[in-house]
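Peer 1: Input file: final21.cif. Contents: mmCIF, N, CA and C atoms and all ligand atoms; chains and numbers go by the auth columns.
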```cif
data_protein
loop_
_atom_site.group_PDB
_atom_site.id
_atom_site.type_symbol
_atom_site.label_atom_id
_atom_site.label_comp_id
_atom_site.label_asym_id
_atom_site.label_seq_id
_atom_site.Cartn_x
_atom_site.Cartn_y
_atom_site.Cartn_z
_atom_site.B_iso_or_equiv
_atom_site.auth_seq_id
_atom_site.auth_asym_id
ATOM 1 N N PRO A 1 -48.242 9.062 -65.907 0.00 1 A
ATOM 2 C CA PRO A 1 -49.124 9.088 -64.736 0.00 1 A
ATOM 3 C C PRO A 1 -50.518 9.618 -65.090 0.00 1 A
ATOM 4 N N LEU A 2 -51.485 9.146 -64.378 0.00 2 A
ATOM 5 C CA LEU A 2 -52.857 9.595 -64.604 0.00 2 A
ATOM 6 C C LEU A 2 -53.041 10.979 -63.999 0.00 2 A
ATOM 7 N N THR A 3 -53.380 11.931 -64.843 0.00 3 A
ATOM 8 C CA THR A 3 -53.622 13.285 -64.352 0.00 3 A
ATOM 9 C C THR A 3 -55.058 13.670 -64.662 0.00 3 A
ATOM 10 N N LEU A 4 -55.773 14.060 -63.659 0.00 4 A
ATOM 11 C CA LEU A 4 -57.126 14.549 -63.868 0.00 4 A
ATOM 12 C C LEU A 4 -57.027 16.001 -64.296 0.00 4 A
ATOM 13 N N LYS A 5 -57.278 16.254 -65.544 0.00 5 A
ATOM 14 C CA LYS A 5 -57.153 17.609 -66.049 0.00 5 A
ATOM 15 C C LYS A 5 -58.537 18.232 -66.177 0.00 5 A
ATOM 16 N N ALA A 6 -58.818 19.171 -65.330 0.00 6 A
ATOM 17 C CA ALA A 6 -60.108 19.853 -65.394 0.00 6 A
ATOM 18 C C ALA A 6 -60.131 20.725 -66.635 0.00 6 A
ATOM 19 N N ALA A 7 -61.235 20.753 -67.318 0.00 7 A
ATOM 20 C CA ALA A 7 -61.305 21.404 -68.622 0.00 7 A
ATOM 21 C C ALA A 7 -61.359 22.925 -68.556 0.00 7 A
ATOM 22 N N GLU A 8 -62.122 23.455 -67.645 0.00 8 A
ATOM 23 C CA GLU A 8 -62.409 24.884 -67.678 0.00 8 A
ATOM 24 C C GLU A 8 -61.807 25.613 -66.499 0.00 8 A
ATOM 25 N N LYS A 9 -61.532 26.892 -66.701 0.00 9 A
ATOM 26 C CA LYS A 9 -61.098 27.730 -65.594 0.00 9 A
ATOM 27 C C LYS A 9 -62.316 28.195 -64.801 0.00 9 A
ATOM 28 N N LEU A 10 -62.168 28.196 -63.509 0.00 10 A
ATOM 29 C CA LEU A 10 -63.241 28.671 -62.634 0.00 10 A
ATOM 30 C C LEU A 10 -63.448 30.170 -62.853 0.00 10 A
ATOM 31 N N GLU A 11 -64.684 30.581 -62.999 0.00 11 A
ATOM 32 C CA GLU A 11 -65.001 32.009 -63.094 0.00 11 A
ATOM 33 C C GLU A 11 -65.258 32.551 -61.689 0.00 11 A
ATOM 34 N N GLU A 12 -64.759 33.758 -61.425 0.00 12 A
ATOM 35 C CA GLU A 12 -65.022 34.372 -60.109 0.00 12 A
ATOM 36 C C GLU A 12 -66.521 34.567 -59.892 0.00 12 A
ATOM 37 N N SER A 13 -67.253 34.716 -60.991 0.00 13 A
ATOM 38 C CA SER A 13 -68.696 34.949 -60.907 0.00 13 A
ATOM 39 C C SER A 13 -69.502 33.663 -60.748 0.00 13 A
ATOM 40 N N ASP A 14 -68.853 32.525 -60.874 0.00 14 A
ATOM 41 C CA ASP A 14 -69.534 31.248 -60.672 0.00 14 A
ATOM 42 C C ASP A 14 -70.127 31.264 -59.254 0.00 14 A
ATOM 43 N N PRO A 15 -71.395 30.897 -59.098 0.00 15 A
ATOM 44 C CA PRO A 15 -72.009 30.990 -57.760 0.00 15 A
ATOM 45 C C PRO A 15 -71.238 30.240 -56.673 0.00 15 A
ATOM 46 N N SER A 16 -70.684 29.078 -57.006 0.00 16 A
ATOM 47 C CA SER A 16 -69.941 28.332 -55.983 0.00 16 A
ATOM 48 C C SER A 16 -68.629 29.035 -55.633 0.00 16 A
ATOM 49 N N ALA A 17 -68.029 29.718 -56.607 0.00 17 A
ATOM 50 C CA ALA A 17 -66.807 30.483 -56.359 0.00 17 A
ATOM 51 C C ALA A 17 -67.118 31.730 -55.532 0.00 17 A
ATOM 52 N N ALA A 18 -68.157 32.430 -55.937 0.00 18 A
ATOM 53 C CA ALA A 18 -68.535 33.663 -55.240 0.00 18 A
ATOM 54 C C ALA A 18 -68.902 33.374 -53.783 0.00 18 A
ATOM 55 N N ALA A 19 -69.531 32.230 -53.548 0.00 19 A
ATOM 56 C CA ALA A 19 -69.951 31.866 -52.186 0.00 19 A
ATOM 57 C C ALA A 19 -68.761 31.733 -51.244 0.00 19 A
ATOM 58 N N LEU A 20 -67.583 31.385 -51.816 0.00 20 A
ATOM 59 C CA LEU A 20 -66.379 31.220 -50.997 0.00 20 A
ATOM 60 C C LEU A 20 -65.399 32.376 -51.205 0.00 20 A
ATOM 61 N N GLY A 21 -65.857 33.410 -51.890 0.00 21 A
ATOM 62 C CA GLY A 21 -65.016 34.595 -52.082 0.00 21 A
ATOM 63 C C GLY A 21 -63.808 34.337 -52.960 0.00 21 A
ATOM 64 N N TYR A 22 -63.898 33.351 -53.873 0.00 22 A
ATOM 65 C CA TYR A 22 -62.743 33.022 -54.716 0.00 22 A
ATOM 66 C C TYR A 22 -62.332 34.192 -55.608 0.00 22 A
ATOM 67 N N LYS A 23 -61.019 34.460 -55.652 0.00 23 A
ATOM 68 C CA LYS A 23 -60.444 35.423 -56.596 0.00 23 A
ATOM 69 C C LYS A 23 -59.246 34.769 -57.271 0.00 23 A
ATOM 70 N N HIS A 24 -59.017 35.104 -58.545 0.00 24 A
ATOM 71 C CA HIS A 24 -57.852 34.568 -59.267 0.00 24 A
ATOM 72 C C HIS A 24 -56.546 35.088 -58.675 0.00 24 A
ATOM 73 N N ASP A 25 -56.619 36.265 -58.049 0.00 25 A
ATOM 74 C CA ASP A 25 -55.437 36.871 -57.438 0.00 25 A
ATOM 75 C C ASP A 25 -55.742 37.122 -55.960 0.00 25 A
ATOM 76 N N THR A 26 -54.974 36.499 -55.091 0.00 26 A
ATOM 77 C CA THR A 26 -55.209 36.613 -53.649 0.00 26 A
ATOM 78 C C THR A 26 -55.214 38.071 -53.185 0.00 26 A
ATOM 79 N N ALA A 27 -54.527 38.954 -53.931 0.00 27 A
ATOM 80 C CA ALA A 27 -54.492 40.378 -53.582 0.00 27 A
ATOM 81 C C ALA A 27 -55.851 41.053 -53.746 0.00 27 A
ATOM 82 N N ASP A 28 -56.750 40.416 -54.501 0.00 28 A
ATOM 83 C CA ASP A 28 -58.068 41.009 -54.750 0.00 28 A
ATOM 84 C C ASP A 28 -59.120 40.596 -53.722 0.00 28 A
ATOM 85 N N VAL A 29 -58.736 39.759 -52.772 0.00 29 A
ATOM 86 C CA VAL A 29 -59.707 39.282 -51.784 0.00 29 A
ATOM 87 C C VAL A 29 -60.168 40.432 -50.884 0.00 29 A
ATOM 88 N N ASP A 30 -61.460 40.448 -50.618 0.00 30 A
ATOM 89 C CA ASP A 30 -62.069 41.482 -49.789 0.00 30 A
ATOM 90 C C ASP A 30 -61.692 41.262 -48.317 0.00 30 A
ATOM 91 N N ALA A 31 -60.793 42.094 -47.831 0.00 31 A
ATOM 92 C CA ALA A 31 -60.259 41.926 -46.467 0.00 31 A
ATOM 93 C C ALA A 31 -61.334 42.135 -45.404 0.00 31 A
ATOM 94 N N GLY A 32 -62.290 42.991 -45.696 0.00 32 A
ATOM 95 C CA GLY A 32 -63.365 43.230 -44.750 0.00 32 A
ATOM 96 C C GLY A 32 -64.262 42.021 -44.587 0.00 32 A
ATOM 97 N N GLN A 33 -64.505 41.358 -45.710 0.00 33 A
ATOM 98 C CA GLN A 33 -65.389 40.193 -45.683 0.00 33 A
ATOM 99 C C GLN A 33 -64.672 38.942 -45.175 0.00 33 A
ATOM 100 N N TYR A 34 -63.354 38.869 -45.418 0.00 34 A
ATOM 101 C CA TYR A 34 -62.586 37.673 -45.025 0.00 34 A
ATOM 102 C C TYR A 34 -61.386 38.073 -44.173 0.00 34 A
ATOM 103 N N PRO A 35 -61.634 38.432 -42.909 0.00 35 A
ATOM 104 C CA PRO A 35 -60.540 38.941 -42.057 0.00 35 A
ATOM 105 C C PRO A 35 -59.430 37.929 -41.795 0.00 35 A
ATOM 106 N N ARG A 36 -59.705 36.627 -41.938 0.00 36 A
ATOM 107 C CA ARG A 36 -58.655 35.644 -41.675 0.00 36 A
ATOM 108 C C ARG A 36 -57.693 35.505 -42.864 0.00 36 A
ATOM 109 N N HIS A 37 -58.073 36.076 -43.992 0.00 37 A
ATOM 110 C CA HIS A 37 -57.221 35.995 -45.178 0.00 37 A
ATOM 111 C C HIS A 37 -55.936 36.803 -44.981 0.00 37 A
ATOM 112 N N SER A 38 -54.829 36.307 -45.517 0.00 38 A
ATOM 113 C CA SER A 38 -53.622 37.124 -45.610 0.00 38 A
ATOM 114 C C SER A 38 -53.012 36.897 -46.984 0.00 38 A
ATOM 115 N N ALA A 39 -52.255 37.884 -47.445 0.00 39 A
ATOM 116 C CA ALA A 39 -51.793 37.897 -48.828 0.00 39 A
ATOM 117 C C ALA A 39 -50.823 36.766 -49.162 0.00 39 A
ATOM 118 N N ASP A 40 -50.250 36.129 -48.142 0.00 40 A
ATOM 119 C CA ASP A 40 -49.345 35.009 -48.411 0.00 40 A
ATOM 120 C C ASP A 40 -50.111 33.685 -48.573 0.00 40 A
ATOM 121 N N GLN A 41 -51.415 33.733 -48.369 0.00 41 A
ATOM 122 C CA GLN A 41 -52.228 32.532 -48.593 0.00 41 A
ATOM 123 C C GLN A 41 -52.669 32.523 -50.051 0.00 41 A
ATOM 124 N N MET A 42 -52.393 31.434 -50.745 0.00 42 A
ATOM 125 C CA MET A 42 -52.857 31.312 -52.132 0.00 42 A
ATOM 126 C C MET A 42 -52.988 29.844 -52.487 0.00 42 A
ATOM 127 N N CYS A 43 -53.663 29.588 -53.604 0.00 43 A
ATOM 128 C CA CYS A 43 -53.945 28.204 -53.986 0.00 43 A
ATOM 129 C C CYS A 43 -52.678 27.341 -53.968 0.00 43 A
ATOM 130 N N LYS A 44 -51.568 27.888 -54.445 0.00 44 A
ATOM 131 C CA LYS A 44 -50.367 27.051 -54.552 0.00 44 A
ATOM 132 C C LYS A 44 -49.849 26.563 -53.203 0.00 44 A
ATOM 133 N N ASN A 45 -50.225 27.230 -52.096 0.00 45 A
ATOM 134 C CA ASN A 45 -49.818 26.708 -50.786 0.00 45 A
ATOM 135 C C ASN A 45 -51.031 26.239 -49.973 0.00 45 A
ATOM 136 N N CYS A 46 -52.078 25.852 -50.698 0.00 46 A
ATOM 137 C CA CYS A 46 -53.291 25.313 -50.066 0.00 46 A
ATOM 138 C C CYS A 46 -53.284 23.792 -50.175 0.00 46 A
ATOM 139 N N GLN A 47 -53.719 23.159 -49.126 0.00 47 A
ATOM 140 C CA GLN A 47 -53.758 21.695 -49.073 0.00 47 A
ATOM 141 C C GLN A 47 -54.618 21.095 -50.195 0.00 47 A
ATOM 142 N N LEU A 48 -55.595 21.834 -50.680 0.00 48 A
ATOM 143 C CA LEU A 48 -56.550 21.293 -51.654 0.00 48 A
ATOM 144 C C LEU A 48 -56.119 21.494 -53.105 0.00 48 A
ATOM 145 N N TYR A 49 -54.964 22.156 -53.295 0.00 49 A
ATOM 146 C CA TYR A 49 -54.518 22.475 -54.655 0.00 49 A
ATOM 147 C C TYR A 49 -53.664 21.361 -55.250 0.00 49 A
ATOM 148 N N GLN A 50 -53.934 21.060 -56.527 0.00 50 A
ATOM 149 C CA GLN A 50 -53.169 20.055 -57.282 0.00 50 A
ATOM 150 C C GLN A 50 -52.729 20.709 -58.573 0.00 50 A
ATOM 151 N N HIS A 51 -51.448 20.978 -58.710 0.00 51 A
ATOM 152 C CA HIS A 51 -50.985 21.705 -59.894 0.00 51 A
ATOM 153 C C HIS A 51 -51.173 20.897 -61.166 0.00 51 A
ATOM 154 N N VAL A 52 -51.619 21.552 -62.246 0.00 52 A
ATOM 155 C CA VAL A 52 -51.747 20.901 -63.554 0.00 52 A
ATOM 156 C C VAL A 52 -50.644 21.429 -64.463 0.00 52 A
ATOM 157 N N ASP A 53 -50.758 22.656 -64.929 0.00 53 A
ATOM 158 C CA ASP A 53 -49.645 23.266 -65.646 0.00 53 A
ATOM 159 C C ASP A 53 -49.856 24.766 -65.756 0.00 53 A
ATOM 160 N N GLY A 54 -48.781 25.471 -66.104 0.00 54 A
ATOM 161 C CA GLY A 54 -48.858 26.923 -66.203 0.00 54 A
ATOM 162 C C GLY A 54 -49.275 27.502 -64.867 0.00 54 A
ATOM 163 N N ASP A 55 -50.239 28.396 -64.907 0.00 55 A
ATOM 164 C CA ASP A 55 -50.704 29.063 -63.686 0.00 55 A
ATOM 165 C C ASP A 55 -51.957 28.415 -63.108 0.00 55 A
ATOM 166 N N TRP A 56 -52.306 27.230 -63.565 0.00 56 A
ATOM 167 C CA TRP A 56 -53.604 26.661 -63.208 0.00 56 A
ATOM 168 C C TRP A 56 -53.487 25.249 -62.662 0.00 56 A
ATOM 169 N N GLY A 57 -54.436 24.921 -61.789 0.00 57 A
ATOM 170 C CA GLY A 57 -54.463 23.583 -61.228 0.00 57 A
ATOM 171 C C GLY A 57 -55.855 23.217 -60.758 0.00 57 A
ATOM 172 N N ASN A 58 -55.979 21.990 -60.294 0.00 58 A
ATOM 173 C CA ASN A 58 -57.264 21.498 -59.807 0.00 58 A
ATOM 174 C C ASN A 58 -57.405 21.787 -58.320 0.00 58 A
ATOM 175 N N CYS A 59 -58.650 21.831 -57.890 0.00 59 A
ATOM 176 C CA CYS A 59 -58.965 22.079 -56.485 0.00 59 A
ATOM 177 C C CYS A 59 -60.084 21.144 -56.064 0.00 59 A
ATOM 178 N N GLY A 60 -59.942 20.561 -54.884 0.00 60 A
ATOM 179 C CA GLY A 60 -60.941 19.622 -54.404 0.00 60 A
ATOM 180 C C GLY A 60 -62.309 20.236 -54.178 0.00 60 A
ATOM 181 N N ILE A 61 -62.355 21.544 -53.998 0.00 61 A
ATOM 182 C CA ILE A 61 -63.626 22.228 -53.743 0.00 61 A
ATOM 183 C C ILE A 61 -64.405 22.477 -55.037 0.00 61 A
ATOM 184 N N PHE A 62 -63.667 22.677 -56.137 0.00 62 A
ATOM 185 C CA PHE A 62 -64.304 23.004 -57.418 0.00 62 A
ATOM 186 C C PHE A 62 -63.901 21.936 -58.438 0.00 62 A
ATOM 187 N N PRO A 63 -64.496 20.754 -58.372 0.00 63 A
ATOM 188 C CA PRO A 63 -63.989 19.580 -59.073 0.00 63 A
ATOM 189 C C PRO A 63 -63.895 19.668 -60.597 0.00 63 A
ATOM 190 N N ALA A 64 -64.759 20.391 -61.261 0.00 64 A
ATOM 191 C CA ALA A 64 -64.701 20.395 -62.724 0.00 64 A
ATOM 192 C C ALA A 64 -63.997 21.620 -63.289 0.00 64 A
ATOM 193 N N LYS A 65 -63.378 22.419 -62.417 0.00 65 A
ATOM 194 C CA LYS A 65 -62.805 23.701 -62.854 0.00 65 A
ATOM 195 C C LYS A 65 -61.368 23.835 -62.355 0.00 65 A
ATOM 196 N N GLN A 66 -60.623 24.715 -63.032 0.00 66 A
ATOM 197 C CA GLN A 66 -59.262 24.993 -62.586 0.00 66 A
ATOM 198 C C GLN A 66 -59.195 26.336 -61.868 0.00 66 A
ATOM 199 N N VAL A 67 -58.312 26.384 -60.884 0.00 67 A
ATOM 200 C CA VAL A 67 -58.108 27.620 -60.119 0.00 67 A
ATOM 201 C C VAL A 67 -56.678 28.114 -60.364 0.00 67 A
ATOM 202 N N ASN A 68 -56.451 29.389 -60.115 0.00 68 A
ATOM 203 C CA ASN A 68 -55.156 29.997 -60.388 0.00 68 A
ATOM 204 C C ASN A 68 -54.182 29.754 -59.237 0.00 68 A
ATOM 205 N N VAL A 69 -52.912 29.560 -59.553 0.00 69 A
ATOM 206 C CA VAL A 69 -51.898 29.352 -58.499 0.00 69 A
ATOM 207 C C VAL A 69 -51.901 30.486 -57.468 0.00 69 A
ATOM 208 N N LYS A 70 -52.211 31.704 -57.925 0.00 70 A
ATOM 209 C CA LYS A 70 -52.212 32.862 -57.021 0.00 70 A
ATOM 210 C C LYS A 70 -53.595 33.156 -56.463 0.00 70 A
ATOM 211 N N GLY A 71 -54.547 32.267 -56.723 0.00 71 A
ATOM 212 C CA GLY A 71 -55.918 32.489 -56.269 0.00 71 A
ATOM 213 C C GLY A 71 -56.100 32.227 -54.780 0.00 71 A
ATOM 214 N N TRP A 72 -57.310 32.441 -54.335 0.00 72 A
ATOM 215 C CA TRP A 72 -57.644 32.199 -52.931 0.00 72 A
ATOM 216 C C TRP A 72 -59.150 32.047 -52.793 0.00 72 A
ATOM 217 N N CYS A 73 -59.566 31.220 -51.847 0.00 73 A
ATOM 218 C CA CYS A 73 -60.973 31.190 -51.442 0.00 73 A
ATOM 219 C C CYS A 73 -61.026 30.905 -49.950 0.00 73 A
ATOM 220 N N ASN A 74 -62.207 31.037 -49.389 0.00 74 A
ATOM 221 C CA ASN A 74 -62.363 30.938 -47.935 0.00 74 A
ATOM 222 C C ASN A 74 -62.176 29.515 -47.405 0.00 74 A
ATOM 223 N N ALA A 75 -61.993 28.543 -48.292 0.00 75 A
ATOM 224 C CA ALA A 75 -61.723 27.168 -47.850 0.00 75 A
ATOM 225 C C ALA A 75 -60.222 26.896 -47.758 0.00 75 A
ATOM 226 N N TRP A 76 -59.401 27.939 -47.942 0.00 76 A
ATOM 227 C CA TRP A 76 -57.943 27.766 -47.900 0.00 76 A
ATOM 228 C C TRP A 76 -57.502 27.085 -46.598 0.00 76 A
ATOM 229 N N VAL A 77 -56.661 26.068 -46.769 0.00 77 A
ATOM 230 C CA VAL A 77 -56.062 25.356 -45.626 0.00 77 A
ATOM 231 C C VAL A 77 -54.574 25.229 -45.921 0.00 77 A
ATOM 232 N N LYS A 78 -53.750 25.595 -44.965 0.00 78 A
ATOM 233 C CA LYS A 78 -52.304 25.538 -45.166 0.00 78 A
ATOM 234 C C LYS A 78 -51.864 24.141 -45.577 0.00 78 A
ATOM 235 N N LYS A 79 -51.091 24.099 -46.654 0.00 79 A
ATOM 236 C CA LYS A 79 -50.564 22.823 -47.143 0.00 79 A
ATOM 237 C C LYS A 79 -49.666 22.192 -46.090 0.00 79 A
ATOM 238 N N ALA A 80 -49.859 20.899 -45.864 0.00 80 A
ATOM 239 C CA ALA A 80 -49.059 20.194 -44.874 0.00 80 A
ATOM 240 C C ALA A 80 -47.632 19.986 -45.385 0.00 80 A
ATOM 241 N N GLY A 81 -46.663 20.018 -44.487 0.00 81 A
ATOM 242 C CA GLY A 81 -45.298 19.671 -44.824 0.00 81 A
ATOM 243 C C GLY A 81 -44.468 20.777 -45.405 0.00 81 A
HETATM 244 FE FE1 LIG B . -57.555 27.704 -53.897 0.00 101 B
HETATM 245 FE FE2 LIG B . -57.522 26.165 -51.767 0.00 101 B
HETATM 246 FE FE3 LIG B . -59.653 27.688 -52.265 0.00 101 B
HETATM 247 FE FE4 LIG B . -59.129 25.594 -53.767 0.00 101 B
HETATM 248 S S1 LIG B . -59.639 25.550 -51.582 0.00 101 B
HETATM 249 S S2 LIG B . -59.696 27.642 -54.495 0.00 101 B
HETATM 250 S S3 LIG B . -56.911 25.565 -53.846 0.00 101 B
HETATM 251 S S4 LIG B . -57.575 28.407 -51.763 0.00 101 B
#
```
Would you encode the structure as structure tokens?

Peer 2:
Amino acid sequence: PLTLKAAEKLEESDPSAAALGYKHDTADVDAGQYPRHSADQMCKNCQLYQHVDGDWGNCGIFPAKQVNVKGWCNAWVKKAG
């Protein structure tokens, strides 16, 4: 099957990541800044996450980078189904 494998891991300091409060670990998200966040929300249960392998996968928001399965950003949307 054709798999789009993003080459690089997203850095938390990347301006596009920082703008959405992305963290590799959902536990590190700033609760004061993102009150709608909860610790059970993470990339692996986000509608925009596409698993690649190990702890990393692709995300529709950050097209050329990989995000962590336990990560989170403010664009999190509950995975359907
Ligand atoms: Fe993770 Fe979803 Fe944010 Fe992408 S949109 S970084 S998969 S929480």

Peer 1: For the structure I just gave you, how does DSSP split chain A - specifically, which residues are strand (DSSP E)? Reply as number ranges by chain.

Peer 2: A: 8-9, 49-53, 56-59, 65-68

Peer 1: Build an axis-aligned box that encloses every atom of segment 65-71 of chain A listed in the file, pad it by 6 Å on each side, and report its centre and edge lengths in Å to one decimal, as AutoDock Vina command-line options.

Peer 2:
```
--center_x -57.6 --center_y 27.8 --center_z -58.9 --size_x 23.5 --size_y 22.7 --size_z 20.3
```

Peer 1: Please expand the PyMOL selection byres (((chain A and resi 34-39 and name CA) around 10) and not hetatm and name CA) into the concrete residues it hits in this file, giving the result as an NGL selection string.

Peer 2: :A and (20-21 or 25-33 or 40-42 or 70 or 72-74 or 76)

Peer 1: For the file shown, report as a PDB file with N, CA and C atoms, keeping the file's coordinate frame the outcome of the PyMOL selection byres (((not hetatm) and name CA) within 8 of (chain B and resi 101)) at residue level.

Peer 2:
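part-v8.pdb, freshly written:
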```pdb
ATOM      1  N   ALA A  17     -68.029  29.718 -56.607  1.00  0.00           N
ATOM      2  CA  ALA A  17     -66.807  30.483 -56.359  1.00  0.00           C
ATOM      3  C   ALA A  17     -67.118  31.730 -55.532  1.00  0.00           C
ATOM      4  N   LEU A  20     -67.583  31.385 -51.816  1.00  0.00           N
ATOM      5  CA  LEU A  20     -66.379  31.220 -50.997  1.00  0.00           C
ATOM      6  C   LEU A  20     -65.399  32.376 -51.205  1.00  0.00           C
ATOM      7  N   TYR A  22     -63.898  33.351 -53.873  1.00  0.00           N
ATOM      8  CA  TYR A  22     -62.743  33.022 -54.716  1.00  0.00           C
ATOM      9  C   TYR A  22     -62.332  34.192 -55.608  1.00  0.00           C
ATOM     10  N   GLN A  41     -51.415  33.733 -48.369  1.00  0.00           N
ATOM     11  CA  GLN A  41     -52.228  32.532 -48.593  1.00  0.00           C
ATOM     12  C   GLN A  41     -52.669  32.523 -50.051  1.00  0.00           C
ATOM     13  N   MET A  42     -52.393  31.434 -50.745  1.00  0.00           N
ATOM     14  CA  MET A  42     -52.857  31.312 -52.132  1.00  0.00           C
ATOM     15  C   MET A  42     -52.988  29.844 -52.487  1.00  0.00           C
ATOM     16  N   CYS A  43     -53.663  29.588 -53.604  1.00  0.00           N
ATOM     17  CA  CYS A  43     -53.945  28.204 -53.986  1.00  0.00           C
ATOM     18  C   CYS A  43     -52.678  27.341 -53.968  1.00  0.00           C
ATOM     19  N   LYS A  44     -51.568  27.888 -54.445  1.00  0.00           N
ATOM     20  CA  LYS A  44     -50.367  27.051 -54.552  1.00  0.00           C
ATOM     21  C   LYS A  44     -49.849  26.563 -53.203  1.00  0.00           C
ATOM     22  N   ASN A  45     -50.225  27.230 -52.096  1.00  0.00           N
ATOM     23  CA  ASN A  45     -49.818  26.708 -50.786  1.00  0.00           C
ATOM     24  C   ASN A  45     -51.031  26.239 -49.973  1.00  0.00           C
ATOM     25  N   CYS A  46     -52.078  25.852 -50.698  1.00  0.00           N
ATOM     26  CA  CYS A  46     -53.291  25.313 -50.066  1.00  0.00           C
ATOM     27  C   CYS A  46     -53.284  23.792 -50.175  1.00  0.00           C
ATOM     28  N   GLN A  47     -53.719  23.159 -49.126  1.00  0.00           N
ATOM     29  CA  GLN A  47     -53.758  21.695 -49.073  1.00  0.00           C
ATOM     30  C   GLN A  47     -54.618  21.095 -50.195  1.00  0.00           C
ATOM     31  N   LEU A  48     -55.595  21.834 -50.680  1.00  0.00           N
ATOM     32  CA  LEU A  48     -56.550  21.293 -51.654  1.00  0.00           C
ATOM     33  C   LEU A  48     -56.119  21.494 -53.105  1.00  0.00           C
ATOM     34  N   TYR A  49     -54.964  22.156 -53.295  1.00  0.00           N
ATOM     35  CA  TYR A  49     -54.518  22.475 -54.655  1.00  0.00           C
ATOM     36  C   TYR A  49     -53.664  21.361 -55.250  1.00  0.00           C
ATOM     37  N   GLN A  50     -53.934  21.060 -56.527  1.00  0.00           N
ATOM     38  CA  GLN A  50     -53.169  20.055 -57.282  1.00  0.00           C
ATOM     39  C   GLN A  50     -52.729  20.709 -58.573  1.00  0.00           C
ATOM     40  N   ASN A  58     -55.979  21.990 -60.294  1.00  0.00           N
ATOM     41  CA  ASN A  58     -57.264  21.498 -59.807  1.00  0.00           C
ATOM     42  C   ASN A  58     -57.405  21.787 -58.320  1.00  0.00           C
ATOM     43  N   CYS A  59     -58.650  21.831 -57.890  1.00  0.00           N
ATOM     44  CA  CYS A  59     -58.965  22.079 -56.485  1.00  0.00           C
ATOM     45  C   CYS A  59     -60.084  21.144 -56.064  1.00  0.00           C
ATOM     46  N   GLY A  60     -59.942  20.561 -54.884  1.00  0.00           N
ATOM     47  CA  GLY A  60     -60.941  19.622 -54.404  1.00  0.00           C
ATOM     48  C   GLY A  60     -62.309  20.236 -54.178  1.00  0.00           C
ATOM     49  N   ILE A  61     -62.355  21.544 -53.998  1.00  0.00           N
ATOM     50  CA  ILE A  61     -63.626  22.228 -53.743  1.00  0.00           C
ATOM     51  C   ILE A  61     -64.405  22.477 -55.037  1.00  0.00           C
ATOM     52  N   PHE A  62     -63.667  22.677 -56.137  1.00  0.00           N
ATOM     53  CA  PHE A  62     -64.304  23.004 -57.418  1.00  0.00           C
ATOM     54  C   PHE A  62     -63.901  21.936 -58.438  1.00  0.00           C
ATOM     55  N   VAL A  67     -58.312  26.384 -60.884  1.00  0.00           N
ATOM     56  CA  VAL A  67     -58.108  27.620 -60.119  1.00  0.00           C
ATOM     57  C   VAL A  67     -56.678  28.114 -60.364  1.00  0.00           C
ATOM     58  N   ASN A  68     -56.451  29.389 -60.115  1.00  0.00           N
ATOM     59  CA  ASN A  68     -55.156  29.997 -60.388  1.00  0.00           C
ATOM     60  C   ASN A  68     -54.182  29.754 -59.237  1.00  0.00           C
ATOM     61  N   VAL A  69     -52.912  29.560 -59.553  1.00  0.00           N
ATOM     62  CA  VAL A  69     -51.898  29.352 -58.499  1.00  0.00           C
ATOM     63  C   VAL A  69     -51.901  30.486 -57.468  1.00  0.00           C
ATOM     64  N   GLY A  71     -54.547  32.267 -56.723  1.00  0.00           N
ATOM     65  CA  GLY A  71     -55.918  32.489 -56.269  1.00  0.00           C
ATOM     66  C   GLY A  71     -56.100  32.227 -54.780  1.00  0.00           C
ATOM     67  N   TRP A  72     -57.310  32.441 -54.335  1.00  0.00           N
ATOM     68  CA  TRP A  72     -57.644  32.199 -52.931  1.00  0.00           C
ATOM     69  C   TRP A  72     -59.150  32.047 -52.793  1.00  0.00           C
ATOM     70  N   CYS A  73     -59.566  31.220 -51.847  1.00  0.00           N
ATOM     71  CA  CYS A  73     -60.973  31.190 -51.442  1.00  0.00           C
ATOM     72  C   CYS A  73     -61.026  30.905 -49.950  1.00  0.00           C
ATOM     73  N   ASN A  74     -62.207  31.037 -49.389  1.00  0.00           N
ATOM     74  CA  ASN A  74     -62.363  30.938 -47.935  1.00  0.00           C
ATOM     75  C   ASN A  74     -62.176  29.515 -47.405  1.00  0.00           C
ATOM     76  N   ALA A  75     -61.993  28.543 -48.292  1.00  0.00           N
ATOM     77  CA  ALA A  75     -61.723  27.168 -47.850  1.00  0.00           C
ATOM     78  C   ALA A  75     -60.222  26.896 -47.758  1.00  0.00           C
ATOM     79  N   TRP A  76     -59.401  27.939 -47.942  1.00  0.00           N
ATOM     80  CA  TRP A  76     -57.943  27.766 -47.900  1.00  0.00           C
ATOM     81  C   TRP A  76     -57.502  27.085 -46.598  1.00  0.00           C
ATOM     82  N   VAL A  77     -56.661  26.068 -46.769  1.00  0.00           N
ATOM     83  CA  VAL A  77     -56.062  25.356 -45.626  1.00  0.00           C
ATOM     84  C   VAL A  77     -54.574  25.229 -45.921  1.00  0.00           C
TER      85      VAL A  77
END
```

Peer 1: Give me, as a ChimeraX atom specification, all polymer residues having an atom no more than 10 Å from Glu11 of chain A, counting only C-alpha atoms and skipping those fewer than 3 positions away in the same chain.

Peer 2: /A:8,14-18,22-24,65-67
